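What follows is upload03.txt (compact mmCIF, C-alpha atoms).
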# COMPACT_ATOMS: atom_id res chain seq x y z
CA MET V 1 -12.80 3.60 -18.50
CA GLU V 2 -15.50 2.08 -20.69
CA PRO V 3 -16.50 -1.51 -21.34
CA ILE V 4 -14.41 -2.81 -24.22
CA LEU V 5 -15.82 -2.35 -27.72
CA PRO V 6 -13.70 -4.88 -29.61
CA GLU V 7 -13.88 -3.16 -33.00
CA LYS V 8 -12.81 0.13 -31.47
CA VAL V 9 -9.96 -1.45 -29.49
CA GLN V 10 -8.81 -3.36 -32.58
CA GLU V 11 -8.50 -0.06 -34.42
CA LEU V 12 -6.44 1.39 -31.61
CA ILE V 13 -4.16 -1.64 -31.47
CA ASN V 14 -3.61 -1.35 -35.22
CA LYS V 15 -2.47 2.25 -34.79
CA PHE V 16 0.46 1.26 -32.58
CA ALA V 17 1.65 -1.60 -34.81
CA ASP V 18 5.17 -1.22 -36.26
CA GLU V 19 5.87 1.69 -33.91
CA GLU V 20 8.23 1.68 -30.98
CA ILE V 21 6.00 1.66 -27.90
CA TYR V 22 6.31 1.61 -24.11
CA LEU V 23 4.34 -1.16 -22.52
CA HIS V 24 2.95 -1.72 -19.03
CA MET V 25 1.58 -5.11 -18.13
CA GLU V 26 0.60 -6.58 -14.80
CA THR V 27 -1.43 -9.37 -13.41
CA THR V 28 -2.06 -9.82 -9.74
CA ASN V 29 -4.29 -11.44 -7.18
CA GLY V 30 -3.28 -8.86 -4.57
CA ALA V 31 -0.70 -8.96 -1.82
CA TYR V 32 -3.23 -10.17 0.75
CA ALA V 33 -4.63 -13.18 -1.09
CA SER V 34 -2.64 -15.70 0.94
CA HIS V 35 -3.34 -13.80 4.16
CA PHE V 36 -7.09 -14.10 3.80
CA ASN V 37 -6.91 -17.64 2.43
CA GLU V 38 -3.80 -19.53 3.43
CA LYS V 39 -4.50 -22.17 0.82
CA PHE V 40 -4.38 -19.59 -1.95
CA PHE V 41 -1.30 -19.67 -4.12
CA SER V 42 -0.40 -16.05 -4.74
CA ALA V 43 1.17 -15.17 -8.06
CA GLY V 44 1.56 -12.12 -10.25
CA ALA V 45 3.83 -10.46 -12.77
CA TYR V 46 4.64 -6.85 -13.55
CA ILE V 47 6.57 -5.06 -16.24
CA ARG V 48 6.63 -1.28 -16.68
CA ASN V 49 8.01 0.73 -19.54
CA ALA V 50 9.18 -2.22 -21.60
CA LYS V 51 10.19 -0.79 -24.96
CA LEU V 52 9.13 -2.91 -27.91
CA THR V 53 7.63 -3.02 -31.35
CA TYR V 54 4.89 -5.40 -32.46
CA GLU V 55 4.07 -6.42 -35.99
CA HIS V 56 0.40 -6.85 -35.40
CA GLY V 57 -2.02 -7.18 -32.52
CA LYS V 58 -5.41 -8.75 -32.16
CA ILE V 59 -8.32 -8.62 -29.72
CA VAL V 60 -10.31 -11.85 -29.45
CA GLY V 61 -13.23 -13.20 -27.41
CA ASP V 62 -16.78 -12.29 -26.41
CA GLY V 63 -15.78 -10.58 -23.19
CA PRO V 64 -13.79 -10.70 -21.08
CA PHE V 65 -11.38 -10.28 -23.98
CA ARG V 66 -7.90 -11.46 -24.85
CA VAL V 67 -5.27 -9.34 -26.56
CA GLY V 68 -2.14 -10.72 -28.23
CA LEU V 69 0.71 -8.77 -29.78
CA LYS V 70 3.05 -10.52 -32.20
CA LEU V 71 6.66 -9.33 -31.98
CA ALA V 72 9.39 -10.01 -34.53
CA ILE V 73 10.67 -12.89 -32.38
CA GLY V 74 8.13 -13.22 -29.58
CA TRP V 75 4.72 -12.52 -28.11
CA VAL V 76 2.88 -10.47 -25.53
CA TYR V 77 -0.61 -11.43 -24.45
CA ALA V 78 -3.12 -10.76 -21.71
CA GLU V 79 -6.50 -12.26 -20.92
CA GLY V 80 -9.44 -11.17 -18.78
CA LEU V 81 -9.66 -7.65 -20.23
CA THR V 82 -12.95 -5.86 -19.63
CA HIS V 83 -12.38 -2.10 -19.97
CA TYR V 84 -10.48 0.36 -22.12
CA GLY V 85 -9.60 4.02 -21.89
CA PHE V 86 -6.79 6.55 -22.11
CA ASP V 87 -4.66 8.48 -19.66
CA GLU V 88 -3.81 12.17 -20.03
CA GLU V 89 -0.89 11.36 -22.27
CA GLY V 90 -2.91 9.32 -24.71
CA HIS V 91 -1.65 5.92 -23.62
CA LEU V 92 -4.10 3.16 -24.46
CA LEU V 93 -5.20 1.49 -21.23
CA LEU V 94 -6.74 -1.96 -21.20
CA ALA V 95 -7.76 -3.46 -17.89
CA GLY V 96 -9.60 -6.45 -16.51
CA HIS V 97 -11.68 -5.82 -13.40
CA ASP V 98 -13.05 -8.77 -11.46
CA PHE V 99 -16.58 -9.12 -10.08
CA ASP V 100 -15.62 -7.15 -6.94
CA GLY V 101 -14.20 -4.25 -8.95
CA LYS V 102 -10.59 -5.18 -8.31
CA LEU V 103 -7.98 -4.89 -11.01
CA ALA V 104 -6.88 -8.36 -12.10
CA VAL V 105 -4.89 -7.58 -15.22
CA ALA V 106 -3.67 -4.51 -17.09
CA LEU V 107 -2.12 -4.05 -20.52
CA GLU V 108 -1.19 -0.50 -21.48
CA MET V 109 0.80 1.02 -24.31
CA GLY V 110 1.84 4.34 -25.75
CA LYS V 111 4.51 6.26 -27.57
CA THR V 112 5.91 7.91 -24.45
CA PRO V 113 7.14 6.31 -21.20
CA PHE V 114 4.72 5.83 -18.32
CA LYS V 115 5.40 7.93 -15.25
CA MET F 1 -6.27 -9.13 26.99
CA THR F 2 -3.75 -6.47 27.94
CA GLU F 3 -5.36 -3.62 29.85
CA THR F 4 -5.39 -0.23 28.22
CA MET F 5 -2.71 2.25 29.16
CA GLU F 6 -2.03 5.95 28.90
CA ILE F 7 -0.21 7.19 25.82
CA GLU F 8 3.12 8.62 26.95
CA GLN F 9 4.13 12.19 26.19
CA GLU F 10 6.66 12.20 23.34
CA ARG F 11 9.23 14.68 22.04
CA HIS F 12 8.62 13.83 18.38
CA VAL F 13 6.81 10.91 16.78
CA LEU F 14 8.04 9.48 13.47
CA VAL F 15 5.57 7.28 11.62
CA ILE F 16 6.92 5.23 8.71
CA PHE F 17 4.63 3.18 6.48
CA PRO F 18 4.74 2.27 2.81
CA HIS F 19 1.17 2.94 1.66
CA PRO F 20 -1.36 5.73 1.97
CA ASP F 21 -3.98 4.22 4.36
CA ASP F 22 -1.51 2.09 6.37
CA GLU F 23 -1.58 4.90 8.93
CA ALA F 24 -5.38 5.04 9.00
CA PHE F 25 -6.22 1.44 9.87
CA GLY F 26 -3.95 0.73 12.77
CA VAL F 27 -2.56 3.90 14.27
CA SER F 28 -4.54 7.01 13.32
CA GLY F 29 -6.16 7.22 16.76
CA THR F 30 -2.78 7.18 18.48
CA ILE F 31 -1.46 9.81 16.07
CA ALA F 32 -4.49 12.00 16.75
CA VAL F 33 -3.78 11.86 20.49
CA HIS F 34 -0.21 13.02 19.91
CA THR F 35 -1.20 15.84 17.57
CA GLU F 36 -3.90 17.03 20.00
CA ARG F 37 -1.11 17.45 22.54
CA LYS F 38 0.84 19.48 19.96
CA THR F 39 3.54 16.83 19.86
CA PRO F 40 5.23 17.05 16.44
CA VAL F 41 4.37 14.06 14.26
CA THR F 42 6.14 13.30 10.99
CA TYR F 43 4.61 10.75 8.66
CA ALA F 44 6.96 9.36 6.02
CA CYS F 45 4.81 7.52 3.50
CA LEU F 46 7.12 5.64 1.19
CA THR F 47 4.88 5.09 -1.88
CA LEU F 48 1.60 6.36 -3.29
CA GLY F 49 0.01 2.93 -3.33
CA GLU F 50 0.24 2.92 -7.11
CA MET F 51 -0.64 -0.78 -7.29
CA GLY F 52 -3.95 -0.57 -5.44
CA ARG F 53 -6.44 -2.99 -6.95
CA ASN F 54 -9.72 -1.43 -5.91
CA LEU F 55 -10.54 0.46 -9.08
CA GLY F 56 -14.25 -0.38 -9.16
CA ASN F 57 -16.42 -2.05 -11.76
CA PRO F 58 -17.45 0.18 -13.44
CA PRO F 59 -14.01 1.64 -12.74
CA PHE F 60 -13.64 5.03 -11.04
CA ALA F 61 -9.87 5.15 -11.66
CA THR F 62 -7.20 3.63 -13.86
CA ARG F 63 -3.80 2.22 -13.07
CA GLU F 64 -2.40 5.56 -14.26
CA SER F 65 -4.77 7.92 -12.45
CA LEU F 66 -4.74 6.08 -9.11
CA PRO F 67 -1.50 7.62 -7.73
CA ASP F 68 -2.88 11.17 -7.88
CA ILE F 69 -6.15 10.06 -6.30
CA ARG F 70 -4.35 8.33 -3.46
CA LYS F 71 -2.00 11.27 -2.96
CA ALA F 72 -4.98 13.57 -2.43
CA GLU F 73 -6.56 11.03 -0.08
CA LEU F 74 -3.34 10.81 1.91
CA GLN F 75 -3.18 14.58 2.32
CA LYS F 76 -6.79 14.65 3.47
CA ALA F 77 -6.23 11.83 5.95
CA ALA F 78 -3.13 13.52 7.36
CA GLU F 79 -5.17 16.67 7.86
CA ALA F 80 -7.94 14.71 9.58
CA ILE F 81 -5.57 13.50 12.29
CA GLY F 82 -3.56 16.71 12.56
CA ILE F 83 -0.30 15.63 10.88
CA GLN F 84 1.53 18.74 9.76
CA ASP F 85 4.69 17.12 8.46
CA LEU F 86 3.68 14.65 5.76
CA ARG F 87 6.50 13.38 3.59
CA MET F 88 5.90 11.45 0.41
CA MET F 89 9.11 9.58 -0.21
CA GLY F 90 8.62 8.79 -3.88
CA LEU F 91 9.22 5.04 -3.94
CA ARG F 92 6.96 2.72 -5.89
CA ASP F 93 4.33 0.37 -4.52
CA LYS F 94 5.32 -3.32 -4.46
CA THR F 95 8.99 -2.60 -5.23
CA LEU F 96 10.43 -1.85 -1.78
CA GLU F 97 11.82 -5.32 -1.13
CA PHE F 98 13.73 -5.09 -4.40
CA GLU F 99 15.42 -1.77 -3.56
CA GLU F 100 18.97 -1.83 -2.16
CA ASP F 101 18.63 -2.72 1.53
CA GLN F 102 21.24 -0.11 2.42
CA LYS F 103 19.31 2.61 0.59
CA MET F 104 16.16 1.68 2.51
CA MET F 105 18.00 1.73 5.82
CA ASP F 106 19.69 5.07 5.00
CA LEU F 107 16.33 6.60 4.21
CA VAL F 108 15.21 5.82 7.76
CA THR F 109 18.55 6.82 9.32
CA ASP F 110 18.36 10.20 7.61
CA LEU F 111 14.88 10.82 9.01
CA ILE F 112 15.98 9.84 12.51
CA THR F 113 19.07 12.07 12.30
CA GLU F 114 17.02 15.01 11.13
CA LEU F 115 14.05 14.65 13.48
CA ASN F 116 15.47 13.00 16.60
CA PRO F 117 12.18 11.22 17.39
CA SER F 118 11.51 9.74 20.83
CA LEU F 119 9.10 7.22 19.27
CA ILE F 120 8.96 5.50 15.90
CA ILE F 121 5.80 3.75 14.73
CA SER F 122 6.02 1.23 11.89
CA PHE F 123 5.32 -2.43 11.08
CA TYR F 124 6.67 -5.46 12.94
CA PRO F 125 9.11 -7.38 10.74
CA GLY F 126 8.01 -10.92 10.00
CA TYR F 127 4.38 -10.31 11.00
CA SER F 128 3.08 -7.62 8.70
CA VAL F 129 1.98 -9.66 5.66
CA HIS F 130 2.58 -7.35 2.68
CA PRO F 131 6.10 -7.42 1.14
CA ASP F 132 6.29 -3.61 1.29
CA HIS F 133 5.35 -3.66 4.98
CA GLU F 134 8.08 -6.20 5.64
CA ALA F 135 10.70 -4.25 3.68
CA THR F 136 9.77 -1.08 5.57
CA ALA F 137 9.92 -2.88 8.90
CA ARG F 138 13.36 -4.32 8.17
CA ALA F 139 14.71 -0.91 7.16
CA VAL F 140 13.38 0.68 10.35
CA VAL F 141 14.77 -2.06 12.59
CA ARG F 142 18.18 -1.89 10.92
CA ALA F 143 18.35 1.89 11.24
CA VAL F 144 17.37 1.91 14.91
CA ARG F 145 19.57 -1.08 15.74
CA ALA F 146 22.61 0.73 14.33
CA MET F 147 22.19 3.47 16.96
CA ALA F 148 23.81 3.37 20.40
CA PRO F 149 21.31 1.56 22.67
CA ASP F 150 20.84 4.57 24.96
CA LYS F 151 20.11 6.85 21.98
CA ARG F 152 17.48 4.65 20.34
CA PRO F 153 13.92 5.91 20.11
CA LYS F 154 11.19 3.53 21.25
CA LEU F 155 9.92 1.40 18.40
CA HIS F 156 6.22 0.51 18.44
CA CYS F 157 5.17 -1.92 15.75
CA VAL F 158 1.93 -3.03 14.16
CA ALA F 159 1.56 -6.78 13.49
CA PHE F 160 -1.35 -8.59 11.91
CA ALA F 161 -0.10 -11.79 10.30
CA ASN F 162 -2.23 -14.83 11.05
CA ASN F 163 0.54 -16.39 13.15
CA THR F 164 1.24 -13.27 15.24
CA LEU F 165 -0.41 -14.32 18.51
CA GLU F 166 1.01 -17.81 18.33
CA GLU F 167 4.57 -16.67 17.74
CA ILE F 168 5.10 -13.29 19.40
CA GLY F 169 2.10 -13.19 21.71
CA GLU F 170 -0.34 -10.40 22.41
CA ALA F 171 0.54 -6.77 21.89
CA ASP F 172 2.13 -5.32 25.00
CA ILE F 173 0.52 -1.94 24.29
CA ARG F 174 -3.20 -1.32 24.09
CA TYR F 175 -4.60 2.20 23.85
CA ASP F 176 -8.20 3.20 24.25
CA ILE F 177 -8.76 5.71 21.44
CA GLN F 178 -12.53 6.12 21.71
CA HIS F 179 -12.23 9.85 22.47
CA VAL F 180 -10.62 10.40 19.04
CA TYR F 181 -12.93 7.96 17.24
CA GLU F 182 -14.26 10.72 14.98
CA LYS F 183 -10.79 11.66 13.81
CA LYS F 184 -9.90 8.04 13.11
CA MET F 185 -13.13 7.66 11.21
CA ASN F 186 -12.35 10.76 9.16
CA ALA F 187 -8.91 9.39 8.31
CA MET F 188 -10.54 6.15 7.18
CA LYS F 189 -13.07 8.04 5.12
CA ALA F 190 -10.35 10.16 3.52
CA HIS F 191 -8.98 6.98 1.95
CA ILE F 192 -12.33 6.26 0.41
CA SER F 193 -10.96 4.53 -2.70
CA GLN F 194 -9.46 1.90 -0.41
CA THR F 195 -11.89 1.77 2.47
CA ILE F 196 -15.36 2.05 0.98
CA TRP F 197 -15.94 -1.71 1.25
CA MET F 198 -14.86 -1.82 4.85
CA LEU F 199 -16.79 1.29 5.80
CA LYS F 200 -19.98 -0.27 4.50
CA GLU F 201 -19.33 -3.31 6.67
CA LEU F 202 -18.51 -1.07 9.58
CA GLU F 203 -21.77 0.80 9.54
CA SER F 204 -23.58 -2.40 10.35
CA GLY F 205 -20.91 -3.98 12.54
CA VAL F 206 -19.40 -1.28 14.68
CA ALA F 207 -22.25 -0.96 17.13
CA SER F 208 -21.87 -4.51 18.33
CA GLU F 209 -19.44 -4.15 21.20
CA GLY F 210 -16.96 -6.99 21.51
CA SER F 211 -16.85 -7.65 17.77
CA GLU F 212 -13.47 -7.61 16.09
CA LEU F 213 -14.46 -4.61 14.02
CA HIS F 214 -15.59 -2.67 17.07
CA ASP F 215 -12.31 -3.41 18.79
CA ARG F 216 -10.35 -2.28 15.78
CA PHE F 217 -11.92 1.16 15.81
CA ASN F 218 -11.84 1.76 19.53
CA TYR F 219 -8.49 0.37 20.56
CA GLU F 220 -5.04 0.37 18.98
CA HIS F 221 -2.34 -2.17 19.65
CA PHE F 222 1.42 -2.17 19.36
CA TRP F 223 4.23 -4.59 19.95
CA THR F 224 7.33 -2.91 21.40
CA TYR F 225 10.32 -4.02 19.37
CA THR F 226 13.25 -5.18 21.45
CA PHE F 227 16.79 -5.68 20.22
CA ASP F 228 17.44 -8.99 21.92
CA GLU F 229 16.94 -12.62 20.94
CA LYS F 230 13.52 -11.67 19.56
CA ASP F 231 15.19 -9.52 16.91
CA LYS F 232 15.21 -11.71 13.80
CA VAL F 233 16.05 -9.08 11.19
CA SER F 234 19.21 -10.03 9.31
CA HIS F 235 22.18 -7.74 8.92
CA ILE F 236 22.80 -6.33 5.46
CA LYS F 237 25.39 -8.33 3.57
CA ASN F 238 27.93 -6.31 1.64
For this file, produce the structure as structure tokens.
Amino acid sequence: MEPILPEKVQELINKFADEEIYLHMETTNGAYASHFNEKFFSAGAYIRNAKLTYEHGKIVGDGPFRVGLKLAIGWVYAEGLTHYGFDEEGHLLLAGHDFDGKLAVALEMGKTPFK
Amino acid sequence: MTETMEIEQERHVLVIFPHPDDEAFGVSGTIAVHTERKTPVTYACLTLGEMGRNLGNPPFATRESLPDIRKAELQKAAEAIGIQDLRMMGLRDKTLEFEEDQKMMDLVTDLITELNPSLIISFYPGYSVHPDHEATARAVVRAVRAMAPDKRPKLHCVAFANNTLEEIGEADIRYDIQHVYEKKMNAMKAHISQTIWMLKELESGVASEGSELHDRFNYEHFWTYTFDEKDKVSHIKN
């Protein structure tokens, strides 16, 4: 993956607008966070292969970046995004890696389901 | 501390863990001893660790490429400690506790029926921290508990929750695995995407005898699971 170029990512987001897409989104602090620090409140969320259509999407910020997708009657957004890239099937992958190189957030989309 | 003991000769060892690398940290030395004796060892690894978070910055992998990387690492690690029967069970990381409990139990029962192991190695329910570890441990306990007591294989469990010592005491089994240290190290190195941080620490720390890290690489510990009042795993509700 490469550090996010916002103009480039904006173009890519535009390409998927008004198309039915499959979406992967996760945010996590890792399953061991509360083990290493018992005062840490562990939380995360995960959705894979959600099928949806967004009207428009936008990337905002100076890095780490935020991406929001406006749906007909709702929203999807993620913050803390640092890198972008593609998998073999051409899915757009956006990810936020923390200072230790650990994945903190992912937002991915494409026209075919994720494996 | 419990004194070290000899590893018993087994008929067949069945190792059940949810993630590639679970076998490397705690039990790869013990496995290597069994495989050196030509004892058949089956390792059923339930997921490919798809949700691993160590992707690097700059990243060396993506959420989508990680499973294939970890699969290759798992195969290499299995080879390093002589496992010939590696089974990748196709479940998904972080989802095991949400699967049907009966399906999880049946998966273990089927392996036991097929392989007739004299020893099963897995996690200790209630003291293994990660939700997938706990779900695996419950499935193993339920499957073994359902067997006639005289037919049950021994069940050796790994526990590492912070409250382990306080609540279930010290491990009753402690093996000296220094003679297979190289093999354990190679298993750890095979899982490089997961262990690189620890291996760096190790290089500086392992020499200091008595340190926790030294102990971890030279001895392996298990709690024998007993089906008595200590067994806290619930029965599946229909």
Could you please select, counting all atoms listed in the file, the residues of chain V within 12 Å of chain F and state them as an MDAnalysis selection string?
chainID V and resid 1:4 24:38 42 44:48 82:109 113:115
Selected residues written out, C-alpha atoms, as a PDB file, keeping the file's coordinate frame:
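Printed below is part.pdb as written:
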ATOM      1  CA  MET V   1     -12.800   3.600 -18.500  1.00  0.00           C
ATOM      2  CA  GLU V   2     -15.500   2.080 -20.690  1.00  0.00           C
ATOM      3  CA  PRO V   3     -16.500  -1.510 -21.340  1.00  0.00           C
ATOM      4  CA  ILE V   4     -14.410  -2.810 -24.220  1.00  0.00           C
ATOM      5  CA  HIS V  24       2.950  -1.720 -19.030  1.00  0.00           C
ATOM      6  CA  MET V  25       1.580  -5.110 -18.130  1.00  0.00           C
ATOM      7  CA  GLU V  26       0.600  -6.580 -14.800  1.00  0.00           C
ATOM      8  CA  THR V  27      -1.430  -9.370 -13.410  1.00  0.00           C
ATOM      9  CA  THR V  28      -2.060  -9.820  -9.740  1.00  0.00           C
ATOM     10  CA  ASN V  29      -4.290 -11.440  -7.180  1.00  0.00           C
ATOM     11  CA  GLY V  30      -3.280  -8.860  -4.570  1.00  0.00           C
ATOM     12  CA  ALA V  31      -0.700  -8.960  -1.820  1.00  0.00           C
ATOM     13  CA  TYR V  32      -3.230 -10.170   0.750  1.00  0.00           C
ATOM     14  CA  ALA V  33      -4.630 -13.180  -1.090  1.00  0.00           C
ATOM     15  CA  SER V  34      -2.640 -15.700   0.940  1.00  0.00           C
ATOM     16  CA  HIS V  35      -3.340 -13.800   4.160  1.00  0.00           C
ATOM     17  CA  PHE V  36      -7.090 -14.100   3.800  1.00  0.00           C
ATOM     18  CA  ASN V  37      -6.910 -17.640   2.430  1.00  0.00           C
ATOM     19  CA  GLU V  38      -3.800 -19.530   3.430  1.00  0.00           C
ATOM     20  CA  SER V  42      -0.400 -16.050  -4.740  1.00  0.00           C
ATOM     21  CA  GLY V  44       1.560 -12.120 -10.250  1.00  0.00           C
ATOM     22  CA  ALA V  45       3.830 -10.460 -12.770  1.00  0.00           C
ATOM     23  CA  TYR V  46       4.640  -6.850 -13.550  1.00  0.00           C
ATOM     24  CA  ILE V  47       6.570  -5.060 -16.240  1.00  0.00           C
ATOM     25  CA  ARG V  48       6.630  -1.280 -16.680  1.00  0.00           C
ATOM     26  CA  THR V  82     -12.950  -5.860 -19.630  1.00  0.00           C
ATOM     27  CA  HIS V  83     -12.380  -2.100 -19.970  1.00  0.00           C
ATOM     28  CA  TYR V  84     -10.480   0.360 -22.120  1.00  0.00           C
ATOM     29  CA  GLY V  85      -9.600   4.020 -21.890  1.00  0.00           C
ATOM     30  CA  PHE V  86      -6.790   6.550 -22.110  1.00  0.00           C
ATOM     31  CA  ASP V  87      -4.660   8.480 -19.660  1.00  0.00           C
ATOM     32  CA  GLU V  88      -3.810  12.170 -20.030  1.00  0.00           C
ATOM     33  CA  GLU V  89      -0.890  11.360 -22.270  1.00  0.00           C
ATOM     34  CA  GLY V  90      -2.910   9.320 -24.710  1.00  0.00           C
ATOM     35  CA  HIS V  91      -1.650   5.920 -23.620  1.00  0.00           C
ATOM     36  CA  LEU V  92      -4.100   3.160 -24.460  1.00  0.00           C
ATOM     37  CA  LEU V  93      -5.200   1.490 -21.230  1.00  0.00           C
ATOM     38  CA  LEU V  94      -6.740  -1.960 -21.200  1.00  0.00           C
ATOM     39  CA  ALA V  95      -7.760  -3.460 -17.890  1.00  0.00           C
ATOM     40  CA  GLY V  96      -9.600  -6.450 -16.510  1.00  0.00           C
ATOM     41  CA  HIS V  97     -11.680  -5.820 -13.400  1.00  0.00           C
ATOM     42  CA  ASP V  98     -13.050  -8.770 -11.460  1.00  0.00           C
ATOM     43  CA  PHE V  99     -16.580  -9.120 -10.080  1.00  0.00           C
ATOM     44  CA  ASP V 100     -15.620  -7.150  -6.940  1.00  0.00           C
ATOM     45  CA  GLY V 101     -14.200  -4.250  -8.950  1.00  0.00           C
ATOM     46  CA  LYS V 102     -10.590  -5.180  -8.310  1.00  0.00           C
ATOM     47  CA  LEU V 103      -7.980  -4.890 -11.010  1.00  0.00           C
ATOM     48  CA  ALA V 104      -6.880  -8.360 -12.100  1.00  0.00           C
ATOM     49  CA  VAL V 105      -4.890  -7.580 -15.220  1.00  0.00           C
ATOM     50  CA  ALA V 106      -3.670  -4.510 -17.090  1.00  0.00           C
ATOM     51  CA  LEU V 107      -2.120  -4.050 -20.520  1.00  0.00           C
ATOM     52  CA  GLU V 108      -1.190  -0.500 -21.480  1.00  0.00           C
ATOM     53  CA  MET V 109       0.800   1.020 -24.310  1.00  0.00           C
ATOM     54  CA  PRO V 113       7.140   6.310 -21.200  1.00  0.00           C
ATOM     55  CA  PHE V 114       4.720   5.830 -18.320  1.00  0.00           C
ATOM     56  CA  LYS V 115       5.400   7.930 -15.250  1.00  0.00           C
TER      57      LYS V 115
END
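The space separating atom CA of F:Asn186 from atom CA of F:His19 comes to 17.3 Å.
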Quick one: 4 Å padding each side, axis-aligned, all listed atoms of stretch 75-83 of chain V - centre and edge lengths in Å to one decimal, as JSON?
{"center_x": -4.1, "center_y": -7.3, "center_z": -23.4, "size_x": 25.7, "size_y": 18.4, "size_z": 17.3}
Is it possible to get the residues within 7 Å of (0.2, -9.8, -36.6) (coordinates as in the file, counting only C-alpha atoms) written as number ranges by chain?
V: 55-57, 69-70
Excluding stretch 95-108 of chain F and any residue of its chain fewer than 3 positions from it, enumerate the residues within 6 Å of it, using all atoms listed in the file, and give them as a PyMOL selection string.
chain F and resi 92+111+132+135+139+143
Within 12 Å of stretch 211-216 of chain F using all atoms listed in the file, minus same-chain residues under 6 positions, as a PDB file with C-alpha atoms, keeping the file's coordinate frame:
ATOM      1  CA  MET F   1      -6.270  -9.130  26.990  1.00  0.00           C
ATOM      2  CA  ALA F  24      -5.380   5.040   9.000  1.00  0.00           C
ATOM      3  CA  PHE F  25      -6.220   1.440   9.870  1.00  0.00           C
ATOM      4  CA  GLY F  26      -3.950   0.730  12.770  1.00  0.00           C
ATOM      5  CA  VAL F  27      -2.560   3.900  14.270  1.00  0.00           C
ATOM      6  CA  SER F  28      -4.540   7.010  13.320  1.00  0.00           C
ATOM      7  CA  GLY F  29      -6.160   7.220  16.760  1.00  0.00           C
ATOM      8  CA  PHE F 160      -1.350  -8.590  11.910  1.00  0.00           C
ATOM      9  CA  ARG F 174      -3.200  -1.320  24.090  1.00  0.00           C
ATOM     10  CA  TYR F 175      -4.600   2.200  23.850  1.00  0.00           C
ATOM     11  CA  ASP F 176      -8.200   3.200  24.250  1.00  0.00           C
ATOM     12  CA  ILE F 177      -8.760   5.710  21.440  1.00  0.00           C
ATOM     13  CA  GLN F 178     -12.530   6.120  21.710  1.00  0.00           C
ATOM     14  CA  TYR F 181     -12.930   7.960  17.240  1.00  0.00           C
ATOM     15  CA  LYS F 184      -9.900   8.040  13.110  1.00  0.00           C
ATOM     16  CA  MET F 185     -13.130   7.660  11.210  1.00  0.00           C
ATOM     17  CA  MET F 198     -14.860  -1.820   4.850  1.00  0.00           C
ATOM     18  CA  LEU F 199     -16.790   1.290   5.800  1.00  0.00           C
ATOM     19  CA  LYS F 200     -19.980  -0.270   4.500  1.00  0.00           C
ATOM     20  CA  GLU F 201     -19.330  -3.310   6.670  1.00  0.00           C
ATOM     21  CA  LEU F 202     -18.510  -1.070   9.580  1.00  0.00           C
ATOM     22  CA  GLU F 203     -21.770   0.800   9.540  1.00  0.00           C
ATOM     23  CA  SER F 204     -23.580  -2.400  10.350  1.00  0.00           C
ATOM     24  CA  GLY F 205     -20.910  -3.980  12.540  1.00  0.00           C
TER      25      GLY F 205
END
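The nearest approach to V:Gln10 among the residues V:Lys51, V:Ile59, V:Glu79, V:Lys111, with all atoms listed in the file taken into account, belongs to V:Ile59.
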Using Å and a single decimal, report how far atom CA of F:His191 sits from atom CA of F:Thr224.
27.2 Å
Dump as a short mmCIF file (atom, residue, chain, number, x, y, z; two decimals) with C-alpha atoms, in the frame of the given file all residues having an atom at most 7 Å from (5.4, 0.6, -31.5), computed in the file's coordinates with all atoms listed in the file.
data_model
loop_
_atom_site.label_atom_id
_atom_site.label_comp_id
_atom_site.auth_asym_id
_atom_site.auth_seq_id
_atom_site.Cartn_x
_atom_site.Cartn_y
_atom_site.Cartn_z
CA PHE V 16 0.46 1.26 -32.58
CA ALA V 17 1.65 -1.60 -34.81
CA ASP V 18 5.17 -1.22 -36.26
CA GLU V 19 5.87 1.69 -33.91
CA GLU V 20 8.23 1.68 -30.98
CA ILE V 21 6.00 1.66 -27.90
CA LEU V 52 9.13 -2.91 -27.91
CA THR V 53 7.63 -3.02 -31.35
CA TYR V 54 4.89 -5.40 -32.46
CA LYS V 111 4.51 6.26 -27.57
#
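Nearest residue to F:Leu155 among F:Glu182, F:Glu167, F:Leu14, F:Gln9 is F:Leu14, counting all atoms listed in the file.
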What is the atom CA of F:Ser118 to atom CA of F:Arg87 distance in Å?
18.3 Å
Extract, using only C-alpha atoms, all DNA, RNA and protein residues at most 8 Å from F:Thr39, discarding same-chain residues fewer than 4 positions from it, and format them as a list in words.
Gln9, Glu10, Arg11, His12, Val13, His34 and Thr35 of chain F
F:Phe227 environment, 10 Å, all atoms listed in the file, sequence neighbours closer than 3 positions dropped, as an MDAnalysis selection string
chainID F and resid 141 144:145 149 224 230:233
Write out, as a CSV table (one decimal), keeping the file's coordinate frame, the residues just selected, with C-alpha atoms.
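Below is the file part.csv, written as the result:
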chain,number,residue,atom,x,y,z
F,141,VAL,CA,14.8,-2.1,12.6
F,144,VAL,CA,17.4,1.9,14.9
F,145,ARG,CA,19.6,-1.1,15.7
F,149,PRO,CA,21.3,1.6,22.7
F,224,THR,CA,7.3,-2.9,21.4
F,230,LYS,CA,13.5,-11.7,19.6
F,231,ASP,CA,15.2,-9.5,16.9
F,232,LYS,CA,15.2,-11.7,13.8
F,233,VAL,CA,16.0,-9.1,11.2
Using all atoms listed in the file, which protein or nucleic acid residues come within 7 Å of stretch 67-80 of chain F? Drop anything in the same chain fewer than 4 positions from it, and give the result as a list in words.
Pro20, Leu48, Gly49, Glu50, Lys183, Asn186, Ala187, Ala190 and His191 of chain F
Nearest candidate to V:Lys15 (options V:Phe40, V:Ala50, V:Lys58, V:Ala78; using only C-alpha atoms)
V:Lys58
